[in-house]
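Working notes for the structure below.
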There are 2 protein chains.
Amino acid sequence: MDLVCPVPRVETERVLLGHGSGGQLMTELLTDVITPELSATGPLEDAALIGLDQVFSTDSYVVTPRFFPGGDIGSLAVHGTINDLAMRGARPIALSLAYIIEEGLPISELREITRSAAAAARAAGVPIVTGDTKVVGRGAADGLYVTTTGVGVRRRDAWPSAAAAVPGDIVLVSGPIGLHGTAILSAREGLGFSAEISSDSRPLHELVAAMIEAGGADVHALRDPTRGGLASSLNEIAEASGVCVEIVDTSVPVPRQVAAACELLGLDPMHVANEGCLVAFVAPNSVDAVLEAMRALPEGESATVIGEVTHGVAGRVIAHTMVGASRIVDVLVGEQLPRIC
Amino acid sequence: MDLVCPVPRVETERVLLGHGSGGQLMTELLTDVITPELSATGPLEDAALIGLDQVFSTDSYVVTPRFFPGGDIGSLAVHGTINDLAMRGARPIALSLAYIIEEGLPISELREITRSAAAAARAAGVPIVTGDTKVVGRGAADGLYVTTTGVGVRRRDAWPSAAAAVPGDIVLVSGPIGLHGTAILSAREGLGFSAEISSDSRPLHELVAAMIEAGGADVHALRDPTRGGLASSLNEIAEASGVCVEIVDTSVPVPRQVAAACELLGLDPMHVANEGCLVAFVAPNSVDAVLEAMRALPEGESATVIGEVTHGVAGRVIAHTMVGASRIVDVLVGEQLPRIC
C-alpha cells in the first residue's frame, strides 16, 4: 500500500488568508518568497540564535476578538513570545512591544490591553523594556496589532531543536490540546461554548526549565503547537529531524468540550491552535524524570505520552487508532481559523 | 517678557492619528496610558538596555506608499531599527522582521520588499535572523506592515543618552533635513517633487562608530530625528537632560527643494521626518575631531554645527534668526504627516 498522498500545490499570485495559517501554504510562502531572500539557513525554528548563548524571536499578533475567555491580545503577545524562546531552551530576559493602532480605538481599551500585557510580563518575570506606537487611519487596521520580540539566554545543559529528534524518542504533550482555537472561534462567532472553553494562553518557560533540569540534553526537541496545531508541530519536527513520528490517536488529550466543539464545526483538534501547551521529544531514559517534573507544575499537571519516533518514512507523522488502523497526520493546506493569534 | 506658551492639552477618549505623530499627543499617550503600565523608568530612549552591554529596539513601519523615491517599507524598516540601536552607541548584531500582510497583496510585491530588506541588511552588515508572517483579511490592514526589532552591543567607550547633554555642548547635524517626509508626501499625493526629492533613508551605525572613535565619551547625546522631525529630537534631549538648546535658524541645513516643498505645503522643515541623518550633542573639546570624522563618510559629508547647549530655561529649544529675533521651537501637537514611517 502506498501511503504517499501529496497535497496539490496551490499556485497563487496574491497572498491569501491561508498563507498565514501555519500550514502548507505558509511553508510555501516562506520557502519560495521570504526565506531565500533573507538567506536563512537550517531548519525553521521558533527562535534564532545570536552568538553563542542568546535566542531571539518575534511574533505579530492579530487575534480577533481582542478579548477572549482566558486572555486578550496583550497577554497572548507576551506569552507567545516567551514560549517561542522557551522552545529553544532559553530563559527569556527581555521583551519589546510594538503597537499598530487603528485611529478610533478607545483609549480605555488600549489601557486595558497594555495593563494585561504588563501583568503577564510581571507574572512571568520577564520585563518589557522597549516599545513603539504607530497609528494608522480608520479602516487601515482592525483595531490593534501587537508585535512582541524577545531575547533569551540559552541554557548550557540542553539544546532542544526541531532537527534533534531521533528514533526511540518518546513524544510527550504537556496538557490538553485545542483550547485556544476553539475559545477564539466561540468568542468570535458567539457560538456559546464561551462559558465552557477558555484559551490555555500561559507562559511555558518555567515548565521547560523544569524539564531540562530533569532531563538535560535528553530533551531533544520542543515545540508549542500554535498556528496549525499539534499536527503542524509534529510534522515540522518529523521533517527537520528526518524521522517518522507515530502517535496513538486516543492518547492525545482532547478535552470533551473541545471534541464536541470541533465535531460541531468540522474541525480536527490536531489542527487547532494552542497557546499554553508544548510537545516534547525526549530520550527514553529520561522520560519518567521529565514527566514527573512536568506534572509537578500546574501547566504540566496533565502531561502525557502520545507516541514515539520510529525508523519509518522520514518526515511522516502517523496516527494509530484503537481499531488497529492508521492514518497520515497532515499539515493544514490553507486556512482553518484565521487570526487565531 | 514671558516666553512660556503652554500648548493646550488635548483630551480625547479615542486614539487619534495625531497620537502617532511623534509630537505632544504621542508623548501624552505614552506617559498617560502606556509607560505607567509597563513601568518604564528614566528618560525615553530609542532603545533599551539589556544587561550591561546590549541594546534592544523595536519599530513598526506603516509607511504609505510602500515604495517611494529613495527606498521602500522593507529597506526603511531595516535602516530605522539599525539607526535606533546606533543612537545608543551600539553596534547592531541581529534583526528580526515581522510582517502583517493584507490578503490580496501581490506576491511579487512581497518578494520585492523582502529582497529590499535583505539587501539593506546585507549592505549594513547586520543579518536578519528570525521573522514572522501573519495574514489578515481584506480591509483589515493596508497592504503590509513591517515590524523590525534589533539587538546591538554597546561600545565601552561612550554611553550616549538623551539625558546626557550639558551646557557648553555643541549641537551638530549630520546632513540635510526634511528629505524623507517631503519625499513621502510627494509620492503619496502626486505632487511632482518626486524627481527632485528622495528619502534620505540609510543606516547610520558606521557614522556613529566613526564619531565615537573620534570623540569617545565626549559624544553625549545622539538622536535620529524621525517622526516629529528635528524639533522633536531637540526638545526631547532638552527635556531629558534638563538643559536649554539654542540653535541658529539659518545654520540648519534645509535643501532648496525641501524648503520650496514645505513652503508650498505650509510645513515647517523642523517638523518633517528624516530617516538618514542624526543630531549629536558633543563636548566642545571634541567637536572638531568628531566633525572631521563625520565628513569623511558619505552619510556625514555635510555635517555641520547648528547650535549649542546653554544655561537657559531647562527643556526649552530656542531658534535665533538672522535679524536678531528668537522663537521657541515647539514639538508638533498633533499630526502633520501620518504614516511617514
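Residue numbering restarts at 1 for every chain of the C-alpha cells, chains are lettered A, B, ... in their displayed order, and ligands are numbered from 1 as they appear.
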
**Asked** When the cut-off is 6 Å and we count only C-alpha atoms, which residues of chain B are near chain A, given as JSON, numbers by chain?
**Response** {"B": [13, 14, 15, 16, 17, 20, 33, 37, 38, 48, 58, 59, 103, 104, 105, 106, 107, 111, 115, 118, 129, 130, 131, 132, 134, 135, 140, 141, 142]}

**Message:** I need the residues in range 139-275 of chain B that are strand (DSSP E) according to DSSP; give them as a list in words.
**Reply:**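 Result set for range 139-275 of chain B (strand (DSSP E)): Leu144, Tyr145, Val146, Thr147, Thr148, Thr149, Gly150, Val151, Gly152, Val153, Arg154, Ile170, Val171, Leu172, Val173, Val219, His220, Ala221, Leu222, Arg223, Cys244, Val245, Glu246, Ile247 and Val248 of chain B.
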
**Request:** Fewer than 5 positions away in the same chain doesn't count, so skip those; otherwise give me all residues within 9 Å of Arg202 in chain B, counting only C-alpha atoms, as a ChimeraX atom specification.
**Result:** /B:71,75-76,78-80,83,120,124,275-277,299

**Prompt:** What is the CA of Arg227 in chain A-CA of Ile247 in chain A distance in Å, reported with one decimal?
**Reply:**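 We find that CA of Arg227 in chain A and CA of Ile247 in chain A lie 19.9 Å from each other.
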
**Request:** Skip Val208 in chain A itself and residues of its chain fewer than 5 positions away, then list as a VMD selection string all residues within 8 Å of it, counting only C-alpha atoms.
**Result:** chain A and resid 86 to 87 89

Expected file contents, prior selection, N, CA, C and O atoms, as a CSV table (one decimal), in the first residue's frame:
```csv
chain,number,residue,atom,x,y,z
A,86,ALA,N,11.3,29.9,25.0
A,86,ALA,CA,11.4,28.7,25.8
A,86,ALA,C,11.6,27.4,25.0
A,86,ALA,O,12.3,26.5,25.4
A,87,MET,N,11.0,27.4,23.8
A,87,MET,CA,11.1,26.1,23.0
A,87,MET,C,12.5,25.9,22.5
A,87,MET,O,12.8,24.8,22.1
A,89,GLY,N,14.9,26.3,24.6
A,89,GLY,CA,15.6,26.0,25.9
A,89,GLY,C,16.2,27.3,26.5
A,89,GLY,O,17.1,27.2,27.3
```

**Fill in**
What separates CA of Pro65 in chain A and CA of Arg188 in chain A is a distance of 5.9 Å

**Prompt:** Between A:Glu292, A:Pro253, A:Gly215, A:Ala164, which is the closest to Ala240 in chain A once you count only C-alpha atoms?
**Reply:**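 Closest to Ala240 in chain A of all the choices is A:Ala164.
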
**Two-atom distance - CA of Pro284 in chain A, CA of Pro176 in chain A (Å)** = 22.1 Å

**Request:** Taking the chain letters and numbering used in this document, name the residues of range 190-332 of chain B that DSSP puts in helix (DSSP H, G or I), as a ChimeraX atom specification.
**Result:** /B:205-218,229-241,249-251,256-265,269-271,284-295,298-300

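Shell of Gly216 in chain A at 12 Å, with only C-alpha atoms counted and residues fewer than 6 places along the chain excluded, is Gly89, Arg155, Arg156, Asp157, Ala158, Trp159, Pro160, Val208, Ala209, Ala210, Val282, Ala283, Asn285, Ser286, Val287, Ala289, Val290 and Ala293 of chain A.
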
**Asked** If we count only C-alpha atoms, what is near Pro269 in chain A at a cut-off of 12 Å, once residues fewer than 6 positions away on the same chain are taken out, given as a count of residues only?
**Response** 32
